[in-house]
Every structure is written in structure tokens, then in C-alpha cells.
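Structure below is work14.cif: mmCIF, C-alpha atoms and all ligand atoms.
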data_structure
loop_
_atom_site.label_atom_id
_atom_site.label_comp_id
_atom_site.auth_asym_id
_atom_site.auth_seq_id
_atom_site.Cartn_x
_atom_site.Cartn_y
_atom_site.Cartn_z
CA MET E 9 -73.71 104.15 -6.05
CA GLY E 10 -73.08 105.87 -2.78
CA ARG E 11 -70.47 107.35 -0.52
CA ALA E 12 -68.12 105.11 1.42
CA LEU E 13 -65.90 105.83 4.41
CA VAL E 14 -62.55 104.05 4.24
CA THR E 15 -60.58 104.23 7.48
CA GLY E 16 -56.85 103.60 7.15
CA ALA E 17 -57.22 104.99 3.61
CA ALA E 18 -53.53 105.84 3.22
CA GLY E 19 -52.32 102.39 4.24
CA PHE E 20 -51.36 99.44 2.08
CA ILE E 21 -54.77 97.80 1.67
CA GLY E 22 -56.86 100.92 2.32
CA SER E 23 -55.28 102.87 -0.54
CA HIS E 24 -55.96 100.06 -3.02
CA LEU E 25 -59.53 99.79 -1.76
CA CYS E 26 -60.11 103.55 -2.22
CA ARG E 27 -58.89 103.35 -5.83
CA ARG E 28 -61.14 100.38 -6.58
CA LEU E 29 -64.20 102.01 -5.01
CA LEU E 30 -63.60 105.16 -7.09
CA ASP E 31 -63.27 102.99 -10.21
CA GLU E 32 -66.61 101.41 -9.29
CA GLY E 33 -68.21 104.88 -9.29
CA GLU E 34 -68.45 105.29 -5.51
CA GLU E 35 -67.56 108.53 -3.76
CA VAL E 36 -64.91 107.92 -1.12
CA LEU E 37 -64.21 109.67 2.14
CA GLY E 38 -60.75 108.47 3.16
CA LEU E 39 -59.74 108.86 6.80
CA ASP E 40 -56.20 108.36 8.07
CA CYS E 41 -54.02 109.92 10.76
CA PHE E 42 -50.72 108.85 9.15
CA THR E 43 -49.32 107.08 12.21
CA ASP E 44 -45.53 106.81 12.27
CA TYR E 45 -45.48 102.99 12.60
CA TYR E 46 -43.78 103.24 9.21
CA ASP E 47 -42.74 106.25 7.14
CA PRO E 48 -45.87 108.45 6.71
CA GLY E 49 -44.25 109.67 3.47
CA LEU E 50 -44.97 106.23 1.98
CA LYS E 51 -48.63 106.62 2.93
CA ARG E 52 -48.78 110.00 1.17
CA ARG E 53 -47.27 108.32 -1.85
CA ASN E 54 -49.98 105.61 -1.67
CA LEU E 55 -52.63 108.30 -2.09
CA ALA E 56 -50.86 110.36 -4.75
CA GLY E 57 -52.85 108.85 -7.62
CA ILE E 58 -56.28 109.61 -6.14
CA LEU E 59 -55.88 112.86 -4.20
CA GLN E 60 -57.06 114.88 -7.21
CA HIS E 61 -59.91 112.51 -8.08
CA PRO E 62 -63.21 114.44 -7.91
CA GLY E 63 -64.86 111.59 -6.00
CA PHE E 64 -62.20 111.45 -3.28
CA ARG E 65 -61.85 113.47 -0.12
CA LEU E 66 -59.18 112.95 2.53
CA LEU E 67 -59.79 113.51 6.22
CA GLU E 68 -56.44 113.63 7.96
CA GLN E 69 -57.77 112.71 11.37
CA ASP E 70 -57.37 110.18 14.16
CA LEU E 71 -60.43 107.97 14.71
CA LEU E 72 -59.83 108.39 18.42
CA SER E 73 -60.45 112.15 18.31
CA SER E 74 -62.73 112.59 15.26
CA ASP E 75 -66.36 113.67 15.12
CA LEU E 76 -67.32 110.15 14.13
CA ALA E 77 -71.06 110.77 14.42
CA GLY E 78 -70.87 113.57 11.85
CA ILE E 79 -68.65 111.52 9.56
CA VAL E 80 -70.90 108.45 9.63
CA GLU E 81 -73.93 110.62 8.86
CA SER E 82 -72.30 111.67 5.60
CA VAL E 83 -71.68 108.15 4.25
CA ASP E 84 -73.71 105.01 3.53
CA ALA E 85 -70.98 102.35 3.83
CA VAL E 86 -67.98 101.88 6.11
CA PHE E 87 -64.78 99.96 5.39
CA HIS E 88 -62.80 99.88 8.62
CA GLN E 89 -59.21 99.15 7.59
CA ALA E 90 -57.40 101.38 10.11
CA ALA E 91 -55.36 99.54 12.70
CA GLN E 92 -52.03 99.33 14.40
CA ALA E 93 -50.61 96.47 12.35
CA GLY E 94 -47.64 94.18 13.04
CA VAL E 95 -47.45 91.02 15.13
CA ARG E 96 -43.90 91.14 16.47
CA GLN E 97 -44.05 94.72 17.72
CA SER E 98 -47.23 94.18 19.70
CA TRP E 99 -45.52 92.88 22.84
CA GLY E 100 -44.47 95.14 25.71
CA HIS E 101 -45.35 98.79 26.18
CA SER E 102 -46.45 99.29 22.58
CA PHE E 103 -49.52 97.17 23.36
CA HIS E 104 -51.07 100.43 24.51
CA ASP E 105 -51.13 101.61 20.86
CA TYR E 106 -52.66 98.32 19.72
CA ALA E 107 -55.40 98.52 22.32
CA ARG E 108 -56.24 102.14 21.39
CA HIS E 109 -56.07 101.90 17.59
CA ASN E 110 -57.55 98.41 17.23
CA VAL E 111 -60.07 98.10 20.05
CA GLU E 112 -61.04 101.57 21.30
CA ALA E 113 -61.15 103.12 17.81
CA THR E 114 -63.27 100.22 16.52
CA GLN E 115 -65.71 100.55 19.40
CA GLY E 116 -65.98 104.32 18.82
CA LEU E 117 -66.71 103.83 15.13
CA LEU E 118 -69.32 101.14 15.83
CA GLU E 119 -70.97 103.37 18.41
CA ALA E 120 -71.15 106.17 15.84
CA CYS E 121 -72.94 103.77 13.48
CA ARG E 122 -75.59 102.99 16.07
CA GLY E 123 -78.94 104.38 14.89
CA HIS E 124 -77.85 104.19 11.23
CA GLU E 125 -78.36 100.44 10.84
CA GLY E 126 -81.27 100.87 8.43
CA ARG E 127 -79.40 103.35 6.24
CA LEU E 128 -75.92 101.84 6.05
CA ARG E 129 -75.36 99.42 3.19
CA ARG E 130 -72.46 97.72 4.98
CA PHE E 131 -69.86 97.92 7.71
CA VAL E 132 -66.83 95.85 6.70
CA TYR E 133 -64.16 95.17 9.30
CA ALA E 134 -60.62 94.20 8.30
CA SER E 135 -59.87 91.24 10.55
CA SER E 136 -56.94 88.89 10.39
CA SER E 137 -55.92 85.23 10.24
CA SER E 138 -53.99 86.03 13.42
CA VAL E 139 -57.23 85.52 15.38
CA TYR E 140 -56.66 81.73 15.00
CA GLY E 141 -53.18 81.55 16.51
CA ASP E 142 -51.66 78.11 15.89
CA ALA E 143 -54.77 76.59 14.32
CA PRO E 144 -55.67 72.97 15.07
CA ARG E 145 -56.20 72.08 11.37
CA PHE E 146 -55.61 73.29 7.84
CA PRO E 147 -57.36 74.65 5.97
CA THR E 148 -58.84 76.45 8.96
CA GLY E 149 -62.59 77.14 9.02
CA GLU E 150 -64.23 80.24 10.45
CA ASP E 151 -65.75 78.29 13.34
CA ASP E 152 -62.47 76.69 14.43
CA ALA E 153 -60.96 77.78 17.75
CA LYS E 154 -59.77 81.36 17.92
CA LEU E 155 -56.79 81.43 20.27
CA PRO E 156 -54.43 84.19 19.12
CA ILE E 157 -50.77 83.82 20.11
CA SER E 158 -49.85 87.51 19.74
CA PRO E 159 -51.14 90.63 21.48
CA TYR E 160 -51.92 92.01 17.98
CA GLY E 161 -54.13 88.96 17.32
CA VAL E 162 -55.91 89.51 20.62
CA THR E 163 -56.80 93.09 19.64
CA LYS E 164 -57.96 92.07 16.15
CA LEU E 165 -60.19 89.39 17.70
CA ALA E 166 -61.54 91.91 20.23
CA GLY E 167 -62.40 94.25 17.32
CA GLU E 168 -64.13 91.42 15.52
CA LEU E 169 -66.15 90.47 18.60
CA LEU E 170 -67.24 94.08 18.98
CA VAL E 171 -68.35 94.15 15.34
CA ARG E 172 -70.36 90.98 15.91
CA LEU E 173 -71.89 92.47 19.05
CA TYR E 174 -73.21 95.57 17.24
CA ALA E 175 -74.47 93.36 14.41
CA VAL E 176 -76.35 91.00 16.70
CA GLN E 177 -77.58 93.56 19.22
CA TYR E 178 -78.50 96.43 16.89
CA GLY E 179 -78.72 94.83 13.45
CA LEU E 180 -75.71 96.67 12.03
CA PRO E 181 -75.14 95.09 8.59
CA ALA E 182 -71.56 94.27 9.50
CA VAL E 183 -69.16 91.56 8.39
CA SER E 184 -65.54 90.77 9.20
CA LEU E 185 -63.03 89.73 6.56
CA ARG E 186 -60.16 87.70 8.00
CA TYR E 187 -57.31 88.49 5.63
CA PHE E 188 -54.52 85.94 5.34
CA THR E 189 -51.08 87.60 4.77
CA VAL E 190 -51.73 90.19 2.08
CA TYR E 191 -48.98 91.14 -0.38
CA GLY E 192 -48.52 93.13 -3.56
CA PRO E 193 -47.63 96.70 -4.58
CA ARG E 194 -47.43 99.12 -1.61
CA GLN E 195 -47.02 96.31 0.91
CA ARG E 196 -45.94 97.72 4.27
CA PRO E 197 -42.16 97.98 4.58
CA ASP E 198 -42.17 95.89 7.79
CA MET E 199 -43.80 92.92 6.02
CA GLY E 200 -41.88 89.90 4.75
CA PHE E 201 -42.11 90.18 0.97
CA HIS E 202 -41.23 93.87 1.02
CA ARG E 203 -38.16 93.22 3.19
CA PHE E 204 -37.13 90.18 1.17
CA PHE E 205 -37.31 91.94 -2.20
CA ARG E 206 -35.40 94.90 -0.80
CA ALA E 207 -32.64 92.66 0.55
CA LEU E 208 -32.44 90.82 -2.80
CA TYR E 209 -32.09 94.06 -4.76
CA GLU E 210 -29.51 95.39 -2.35
CA GLY E 211 -27.49 92.17 -2.53
CA ARG E 212 -27.91 91.47 1.18
CA GLU E 213 -28.69 88.26 3.04
CA ILE E 214 -32.39 87.77 3.73
CA PRO E 215 -33.06 87.41 7.45
CA ILE E 216 -35.94 85.02 8.10
CA TYR E 217 -37.41 83.92 11.38
CA GLY E 218 -37.24 80.16 11.91
CA ASP E 219 -36.31 77.37 9.50
CA GLY E 220 -38.19 78.55 6.40
CA GLU E 221 -40.52 75.53 6.51
CA GLN E 222 -43.37 77.63 7.87
CA THR E 223 -46.29 77.96 5.43
CA ARG E 224 -48.64 80.83 4.70
CA ASP E 225 -51.77 81.32 2.68
CA PHE E 226 -50.65 84.45 0.82
CA THR E 227 -53.35 86.75 -0.58
CA PHE E 228 -52.72 89.19 -3.41
CA VAL E 229 -54.00 92.65 -2.53
CA SER E 230 -56.50 92.88 -5.42
CA ASP E 231 -58.17 89.71 -4.11
CA ALA E 232 -58.48 91.21 -0.61
CA VAL E 233 -59.98 94.33 -2.18
CA GLN E 234 -62.38 92.27 -4.29
CA ALA E 235 -63.61 90.58 -1.11
CA ASN E 236 -64.55 94.03 0.25
CA ILE E 237 -66.47 94.89 -2.92
CA LEU E 238 -68.33 91.57 -2.77
CA ALA E 239 -69.09 92.12 0.91
CA LEU E 240 -70.55 95.55 0.09
CA ARG E 241 -72.82 94.19 -2.62
CA THR E 242 -73.91 90.85 -1.20
CA PRO E 243 -76.37 90.81 1.68
CA THR E 244 -75.58 88.19 4.33
CA GLU E 245 -76.52 87.53 7.91
CA PRO E 246 -75.11 90.41 10.03
CA GLY E 247 -72.05 89.62 12.12
CA LEU E 248 -70.56 86.83 10.01
CA ALA E 249 -66.79 86.48 9.57
CA PHE E 250 -65.18 85.26 6.34
CA ASN E 251 -61.74 83.85 5.66
CA ILE E 252 -60.08 85.64 2.75
CA GLY E 253 -57.08 83.72 1.49
CA GLY E 254 -55.10 83.24 -1.69
CA GLY E 255 -56.13 79.61 -2.16
CA ALA E 256 -52.92 77.71 -1.38
CA ARG E 257 -50.46 77.18 1.47
CA VAL E 258 -46.94 77.97 0.33
CA PRO E 259 -43.74 77.29 2.32
CA LEU E 260 -41.62 80.40 2.87
CA ARG E 261 -38.60 78.58 1.44
CA GLN E 262 -40.47 78.14 -1.87
CA VAL E 263 -41.44 81.83 -1.92
CA LEU E 264 -37.81 82.83 -1.54
CA ASP E 265 -36.75 80.58 -4.45
CA LEU E 266 -39.49 82.08 -6.60
CA MET E 267 -38.49 85.62 -5.65
CA GLY E 268 -34.88 84.95 -6.57
CA ARG E 269 -35.92 83.65 -9.99
CA ILE E 270 -38.35 86.52 -10.63
CA ALA E 271 -35.91 89.23 -9.52
CA ASP E 272 -33.02 87.36 -11.13
CA CYS E 273 -30.90 87.68 -7.99
CA PRO E 274 -29.10 85.03 -5.92
CA VAL E 275 -30.90 84.21 -2.67
CA ARG E 276 -28.82 84.10 0.50
CA VAL E 277 -30.75 83.43 3.68
CA VAL E 278 -29.76 83.94 7.30
CA HIS E 279 -31.94 82.16 9.86
CA LEU E 280 -33.02 83.98 13.02
CA ASP E 281 -34.77 82.47 16.04
CA PRO E 282 -38.53 82.09 15.54
CA ALA E 283 -40.26 85.27 16.75
CA PRO E 284 -42.76 85.11 19.60
CA GLY E 285 -46.24 85.65 18.18
CA ASP E 286 -45.45 84.24 14.73
CA VAL E 287 -47.69 81.28 13.93
CA ARG E 288 -46.13 78.25 12.26
CA HIS E 289 -48.72 77.78 9.50
CA THR E 290 -51.81 79.46 8.10
CA GLY E 291 -54.31 78.12 5.61
CA ALA E 292 -57.75 79.50 4.84
CA ASP E 293 -60.84 77.43 4.20
CA THR E 294 -62.65 79.93 1.95
CA MET E 295 -65.79 77.87 1.29
CA ARG E 296 -67.97 80.31 3.24
CA ALA E 297 -66.72 83.33 1.28
CA LYS E 298 -67.13 81.39 -1.94
CA GLY E 299 -70.64 80.18 -1.12
CA LEU E 300 -72.09 83.36 0.39
CA LEU E 301 -70.09 86.16 -1.27
CA GLY E 302 -69.00 84.52 -4.51
CA PHE E 303 -65.35 85.13 -3.56
CA ARG E 304 -62.58 83.34 -5.40
CA ALA E 305 -58.91 84.36 -5.32
CA GLU E 306 -57.79 85.22 -8.85
CA VAL E 307 -54.06 85.85 -8.44
CA GLY E 308 -51.72 82.94 -7.71
CA ILE E 309 -48.38 83.32 -5.94
CA GLU E 310 -46.23 83.32 -9.06
CA GLU E 311 -48.24 85.99 -10.85
CA GLY E 312 -48.59 88.02 -7.65
CA LEU E 313 -44.87 87.99 -6.92
CA GLY E 314 -44.21 89.00 -10.53
CA ARG E 315 -46.48 92.02 -10.15
CA MET E 316 -44.98 92.94 -6.81
CA ASN E 317 -41.49 92.67 -8.24
CA LEU E 318 -42.32 95.20 -10.98
CA TRP E 319 -43.67 97.61 -8.40
CA MET E 320 -40.71 97.04 -6.09
CA ALA E 321 -38.21 97.87 -8.84
CA ASP E 322 -39.99 101.19 -9.49
CA PHE E 323 -40.37 101.87 -5.80
CA LEU E 324 -36.69 101.34 -4.99
CA ALA E 325 -35.67 103.44 -7.99
CA GLY E 326 -37.91 106.26 -6.72
CA ARG E 327 -40.11 106.18 -9.83
CA PRO E 328 -43.75 107.25 -9.37
CA GLU E 329 -46.43 104.55 -9.71
P1 LIG O 401 -51.30 99.83 7.16
O1 LIG O 401 -50.56 100.12 8.43
O2 LIG O 401 -50.60 100.04 5.86
O3 LIG O 401 -52.65 100.67 7.14
C1 LIG O 401 -53.37 101.03 8.30
C2 LIG O 401 -53.62 102.53 8.27
O4 LIG O 401 -54.43 102.88 9.37
C3 LIG O 401 -52.32 103.36 8.39
O5 LIG O 401 -52.20 104.23 7.26
C4 LIG O 401 -52.51 104.15 9.68
O6 LIG O 401 -51.96 105.47 9.60
C5 LIG O 401 -54.03 104.16 9.84
N1 LIG O 401 -54.49 104.28 11.23
C6 LIG O 401 -54.13 103.52 12.29
N2 LIG O 401 -54.78 103.92 13.40
C7 LIG O 401 -55.58 104.96 13.03
C8 LIG O 401 -56.49 105.80 13.71
N3 LIG O 401 -56.70 105.69 15.03
N4 LIG O 401 -57.14 106.77 13.02
C9 LIG O 401 -56.93 106.92 11.68
N5 LIG O 401 -56.07 106.17 10.98
C10 LIG O 401 -55.41 105.19 11.65
O7 LIG O 401 -51.82 98.32 7.30
P2 LIG O 401 -52.41 97.30 6.20
O8 LIG O 401 -51.43 96.22 6.03
O9 LIG O 401 -52.93 98.04 5.03
O10 LIG O 401 -53.64 96.69 7.02
C11 LIG O 401 -54.98 97.17 6.84
C12 LIG O 401 -55.91 96.38 7.73
O11 LIG O 401 -55.87 95.00 7.39
C13 LIG O 401 -55.57 96.44 9.22
O12 LIG O 401 -56.78 96.48 9.94
C14 LIG O 401 -54.84 95.14 9.48
O13 LIG O 401 -54.96 94.73 10.82
C15 LIG O 401 -55.58 94.23 8.53
N6 LIG O 401 -54.79 93.06 8.10
C16 LIG O 401 -53.74 93.23 7.26
C17 LIG O 401 -53.03 92.12 6.81
C18 LIG O 401 -51.86 92.24 5.87
O14 LIG O 401 -51.32 91.18 5.50
N7 LIG O 401 -51.46 93.42 5.47
C19 LIG O 401 -53.42 90.82 7.24
C20 LIG O 401 -54.50 90.70 8.09
C21 LIG O 401 -55.20 91.82 8.49
#

In C-alpha cells, write the structure found in this file.
Ligand code: NAD
Amino acid sequence: MGRALVTGAAGFIGSHLCRRLLDEGEEVLGLDCFTDYYDPGLKRRNLAGILQHPGFRLLEQDLLSSDLAGIVESVDAVFHQAAQAGVRQSWGHSFHDYARHNVEATQGLLEACRGHEGRLRRFVYASSSSVYGDAPRFPTGEDDAKLPISPYGVTKLAGELLVRLYAVQYGLPAVSLRYFTVYGPRQRPDMGFHRFFRALYEGREIPIYGDGEQTRDFTFVSDAVQANILALRTPTEPGLAFNIGGGARVPLRQVLDLMGRIADCPVRVVHLDPAPGDVRHTGADTMRAKGLLGFRAEVGIEEGLGRMNLWMADFLAGRPE
């Protein structure tokens, strides 16, 4: 066991990853600057269950102004989850934030790892299915064309290319995990399932972009976390990228029907114009992750939505986790 740095520790995926690493007996140094992209109070809530854990320490710092060299010296694994998330908001002036948090911060962290290649067990980068844009085929393989259709996707791909560069040039034992739409307890409030459940519970119409026929490969958060644990423990060629998906492409329309049944609420949908940057379909070919990491998604959409629904009910009622 060792000591892992988790950037973006207070976020949706980062907070689950911290908990799992602690459960695995790792010490965790969690770094987060609590950006106001969504309510920082929710991020504090995400960490509430682990703040007192003897193996956890929080660094409330921005990667862009931290002593990254000193931080990296004190750990032996890095999970880089921090980013400015969100596809639709990445157009216009806010691109500046995406470039800084997703590209500059990633480069700074990689640079701080230079010289520690022999000592670090792993550098795991949280990449995204958005690097593919509107993919030419489904399921999409890691070597298929990467032509993002959102500024967010461009920055996530740039981060991934930087990770590959440091792996190839300096031998950093780095991998990228391309998550496909992650959902579950603590999902960001700007993400679809969170907004849909909230609208259902509040008896409102659910606004969806487009006709509802778009499909997604939805990944339950514990499966995304498991991929990180497998990546830590399984040596592979440095610089590789892996698709991490839930194992099936599900139409949004079907998800909404399921949600209505699970939450026992009538579903009323209002259709909005498709949003620029939103891809029509995603579908992960996970054969590489299966073959080289032993990854297999465990939680199907019905079970995952059931678990998220339980969390959502507590969350909206203000009950602690
Ligand atoms: P999130 O916004 O909940 O978490 C990201 C965290 O990073 C936030 O708490 C934020 O405060 C922190 N952060 C941002 N910039 C920082 C900086 N410069 N210094 C320190 N902290 C900083 O997002 P999430 O949904 O948990 O996503 C985690 C990672 O997974 C991101 O890299 C995202 O691009 C990637 N990803 C997520 C999904 C998904 O479906 N949620 C899909 C694909 C990829």
C-alpha cells in the first residue's frame, strides 16, 4: 500500500475514488480548489464521510498555483480527476477556464512528475468519451478517429495527448481512462440524470435536448472507480488509453421511462433544440480494458438508476449520506 494523490477529490468521481482507495488501505492526499462551476457546498458534502478518516488529508488548493513538485514527492501514485467539466458551457469566453483547468493544469502536474517515473506506481488521467465526437462506428474502439465536437472535448483530448507525451518521452507509467457518461450518487447537478430525477420529484416537465432517440453508454460510478483501481494495480504499456463504459448503449427515451417507474412518478418531457457540442450517440468498445486491465462493468442501468434514486431521495430531503 502507498500514498495516492487524487486531484478533483471533492468532485463527483474523485470523492468516490478517495473513499475506495481508503477502503483498499491506501493513504490519500485529496486536492481540490472547490471551483464554483456548481455549488462548492455540494463538494464539501461529498467529502463529509472521509474528512475525519486517519488516512485522508485534504489540500484545498488550485493545481495552477500549488507547489506540485513538493506534492508529487510525497505520493507514489496520481489520479488526475480535476477538470472543468461540462460540454455545453465550454463555448464562448468560458473556454479560458477549460484551457487552464484541463490543459495547463494537466501539463503542470505532468511536469512535476518528471524525474519520478521510476518511483511512481501510476499516473491515471480521467479522459472522456467526448474525445471521439460523433464517432464513425459503435461500439467505438480506442484507435478510432478522435474528432471532438465540443471545446470541452478538445481540452480533454489535449490533456490525454500530453499524458501520452510524458509516457512516451520520459517513461511515466501513465494511462488514460476514457469515461463514458458516469452516473450514480453525487452526480454533478448539471448532468442529465441528476436534473431528470430532480424534475421528476418536483413534478416538473423534464427538458431534454433533441428527440430523445440519442443513445449513451452509461457507466455507474463504482465501475469507473474500479477501472482506476485496476489501472493502479495492472502494469501496461505507458501511454495507453482505455474506454471505460457501462456495457450497453441505451436510448435516452428508455432511461426516462425507467426513471419514472423507479421513482414512481409520471414522466412529462419537453423537447429543446439539440445543443451544440452534444454528440448523437456513444458506445464503448471495452475489449482493451477487459483484456489488459481485467475490467468489466458490474452495474447495469436498471440497478444503477435504482441506487441513484435512493441517493437522490435522501439528497433532496437534505438527509446526510
Ligand atoms: P466534478 O466537477 O464533480 O469534479 C472535478 C473537480 O475538480 C471539482 O471538484 C473541481 O473543484 C476540481 N478542480 C477543477 N479544476 C481544478 C484545479 N485547477 N485545481 C484543483 N481542483 C480543481 O467532475 P466529475 O464529473 O467528477 O469529473 C471528474 C473527471 O472525469 C473530470 O476530469 C472529467 O472531465 C472526467 N469525466 C467525467 C465524466 C462524467 O460523466 N462525470 C465523463 C467523462 C470524463

For E:Lys298, work out the shell of residues within 12 Å, counting only C-alpha atoms and skipping chain neighbours fewer than 6 positions away, then give it as a list in words.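 After dropping sequence-adjacent residues, the list is Ala235, Leu238, Ala239, Thr242, Phe250, Asn251, Ile252, Gly253, Gly255, Ala292, Arg304 and Ala305 of chain E.
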
At a cut-off of 8 Å, using only C-alpha atoms, what residues contact stretch 36-40 of chain E? Leave out same-chain residues fewer than 4 positions from it and give the result as a ChimeraX atom specification. /E:11-18,26,29-30,63-71,83,90

Could you tell me, counting all atoms listed in the file, which protein and nucleic acid residues lie no more than 8 Å from ligand LIG 401 (chain O), written as a PyMOL selection string? chain E and resi 15-23+39-46+48+51+68-72+88-94+108-110+113+133-138+164+186-191+195-196+199+227

Export C-alpha atoms of the chosen residues as an mmCIF file, keeping the file's coordinate frame?
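Just written: result.cif:
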data_model
loop_
_atom_site.group_PDB
_atom_site.id
_atom_site.type_symbol
_atom_site.label_atom_id
_atom_site.label_comp_id
_atom_site.auth_asym_id
_atom_site.auth_seq_id
_atom_site.Cartn_x
_atom_site.Cartn_y
_atom_site.Cartn_z
ATOM 1 C CA THR E 15 -60.580 104.230 7.480
ATOM 2 C CA GLY E 16 -56.850 103.600 7.150
ATOM 3 C CA ALA E 17 -57.220 104.990 3.610
ATOM 4 C CA ALA E 18 -53.530 105.840 3.220
ATOM 5 C CA GLY E 19 -52.320 102.390 4.240
ATOM 6 C CA PHE E 20 -51.360 99.440 2.080
ATOM 7 C CA ILE E 21 -54.770 97.800 1.670
ATOM 8 C CA GLY E 22 -56.860 100.920 2.320
ATOM 9 C CA SER E 23 -55.280 102.870 -0.540
ATOM 10 C CA LEU E 39 -59.740 108.860 6.800
ATOM 11 C CA ASP E 40 -56.200 108.360 8.070
ATOM 12 C CA CYS E 41 -54.020 109.920 10.760
ATOM 13 C CA PHE E 42 -50.720 108.850 9.150
ATOM 14 C CA THR E 43 -49.320 107.080 12.210
ATOM 15 C CA ASP E 44 -45.530 106.810 12.270
ATOM 16 C CA TYR E 45 -45.480 102.990 12.600
ATOM 17 C CA TYR E 46 -43.780 103.240 9.210
ATOM 18 C CA PRO E 48 -45.870 108.450 6.710
ATOM 19 C CA LYS E 51 -48.630 106.620 2.930
ATOM 20 C CA GLU E 68 -56.440 113.630 7.960
ATOM 21 C CA GLN E 69 -57.770 112.710 11.370
ATOM 22 C CA ASP E 70 -57.370 110.180 14.160
ATOM 23 C CA LEU E 71 -60.430 107.970 14.710
ATOM 24 C CA LEU E 72 -59.830 108.390 18.420
ATOM 25 C CA HIS E 88 -62.800 99.880 8.620
ATOM 26 C CA GLN E 89 -59.210 99.150 7.590
ATOM 27 C CA ALA E 90 -57.400 101.380 10.110
ATOM 28 C CA ALA E 91 -55.360 99.540 12.700
ATOM 29 C CA GLN E 92 -52.030 99.330 14.400
ATOM 30 C CA ALA E 93 -50.610 96.470 12.350
ATOM 31 C CA GLY E 94 -47.640 94.180 13.040
ATOM 32 C CA ARG E 108 -56.240 102.140 21.390
ATOM 33 C CA HIS E 109 -56.070 101.900 17.590
ATOM 34 C CA ASN E 110 -57.550 98.410 17.230
ATOM 35 C CA ALA E 113 -61.150 103.120 17.810
ATOM 36 C CA TYR E 133 -64.160 95.170 9.300
ATOM 37 C CA ALA E 134 -60.620 94.200 8.300
ATOM 38 C CA SER E 135 -59.870 91.240 10.550
ATOM 39 C CA SER E 136 -56.940 88.890 10.390
ATOM 40 C CA SER E 137 -55.920 85.230 10.240
ATOM 41 C CA SER E 138 -53.990 86.030 13.420
ATOM 42 C CA LYS E 164 -57.960 92.070 16.150
ATOM 43 C CA ARG E 186 -60.160 87.700 8.000
ATOM 44 C CA TYR E 187 -57.310 88.490 5.630
ATOM 45 C CA PHE E 188 -54.520 85.940 5.340
ATOM 46 C CA THR E 189 -51.080 87.600 4.770
ATOM 47 C CA VAL E 190 -51.730 90.190 2.080
ATOM 48 C CA TYR E 191 -48.980 91.140 -0.380
ATOM 49 C CA GLN E 195 -47.020 96.310 0.910
ATOM 50 C CA ARG E 196 -45.940 97.720 4.270
ATOM 51 C CA MET E 199 -43.800 92.920 6.020
ATOM 52 C CA THR E 227 -53.350 86.750 -0.580
#

Closest of E:Arg129, E:His289, E:Arg194, E:Arg122 to E:Glu329 - atom-to-atom distances counting all atoms listed in the file: E:Arg194

Among listed residues E:Arg53, E:Arg130, E:Arg96, E:His61, nearest E:Val171 (using all atoms listed in the file):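 That would be E:Arg130, the residue with the smallest distance to E:Val171.
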
Taking (-79.1, 96.5, 14.8) in the file's coordinates as the center, which residues reach within 6 Å of it, counting only C-alpha atoms, put as a compact mmCIF listing (two decimals) with C-alpha atoms, in the frame of the given file?
# COMPACT_ATOMS: atom_id res chain seq x y z
CA GLU E 125 -78.36 100.44 10.84
CA ALA E 175 -74.47 93.36 14.41
CA GLN E 177 -77.58 93.56 19.22
CA TYR E 178 -78.50 96.43 16.89
CA GLY E 179 -78.72 94.83 13.45
CA LEU E 180 -75.71 96.67 12.03

Atom CA of E:Phe146 to atom CA of E:Met295, straight-line distance in Å: 12.9 Å

Could you state the separation of atom CA of E:Glu32 and atom CA of E:Ala77 in Å, given to one decimal place?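 According to the coordinates, atom CA of E:Glu32 and atom CA of E:Ala77 are separated by 25.9 Å.
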
Pick from E:Ile237, E:Ala321, E:Ala249, E:Leu264 nearest to E:Asp152, counting only C-alpha atoms: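 Residue with the minimum atom-to-atom distance to E:Asp152: E:Ala249.
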
Nearest to E:Cys273 among E:Glu81, E:Glu213, E:Glu150, E:Asp293, with distances taken over only C-alpha atoms: which residue is it?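 Using only C-alpha atoms, the shortest distance to E:Cys273 belongs to E:Glu213.
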
Which one of E:Glu310, E:Asp142, E:Glu221, E:Asp105 sits closest to E:Ser158 if you count only C-alpha atoms? E:Asp142

Of the listed residues E:Arg212, E:Arg27, E:Arg224, E:Arg269, that which approaches E:Gly200 most closely, counting all atoms listed in the file: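 Counting all atoms listed in the file, the residue closest to E:Gly200 is E:Arg224.
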
Please compute the atom CA of E:Phe131-atom CA of E:Leu50 distance, one decimal, in Å.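 Between atom CA of E:Phe131 and atom CA of E:Leu50 the gap is 26.9 Å.
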
As a PyMOL selection string, please: the residues near E:Leu260 (cut-off 6 Å, all atoms listed in the file, same-chain neighbours under 4 positions excluded). chain E and resi 220+222-223

Using only C-alpha atoms, what residues lie at most 10 Å away from (-51.5, 78.0, 14.8) (file coordinates), given as a ChimeraX atom specification? /E:137-146,148,153-157,285-291

Show which residues sit within 12 Å of E:Asp281, as a list in words. Count all atoms listed in the file, and ignore same-chain residues fewer than 6 positions away.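 Within the cut-off, the hits are Pro215, Ile216, Tyr217, Gly218, Asp219 and Gly220 of chain E.
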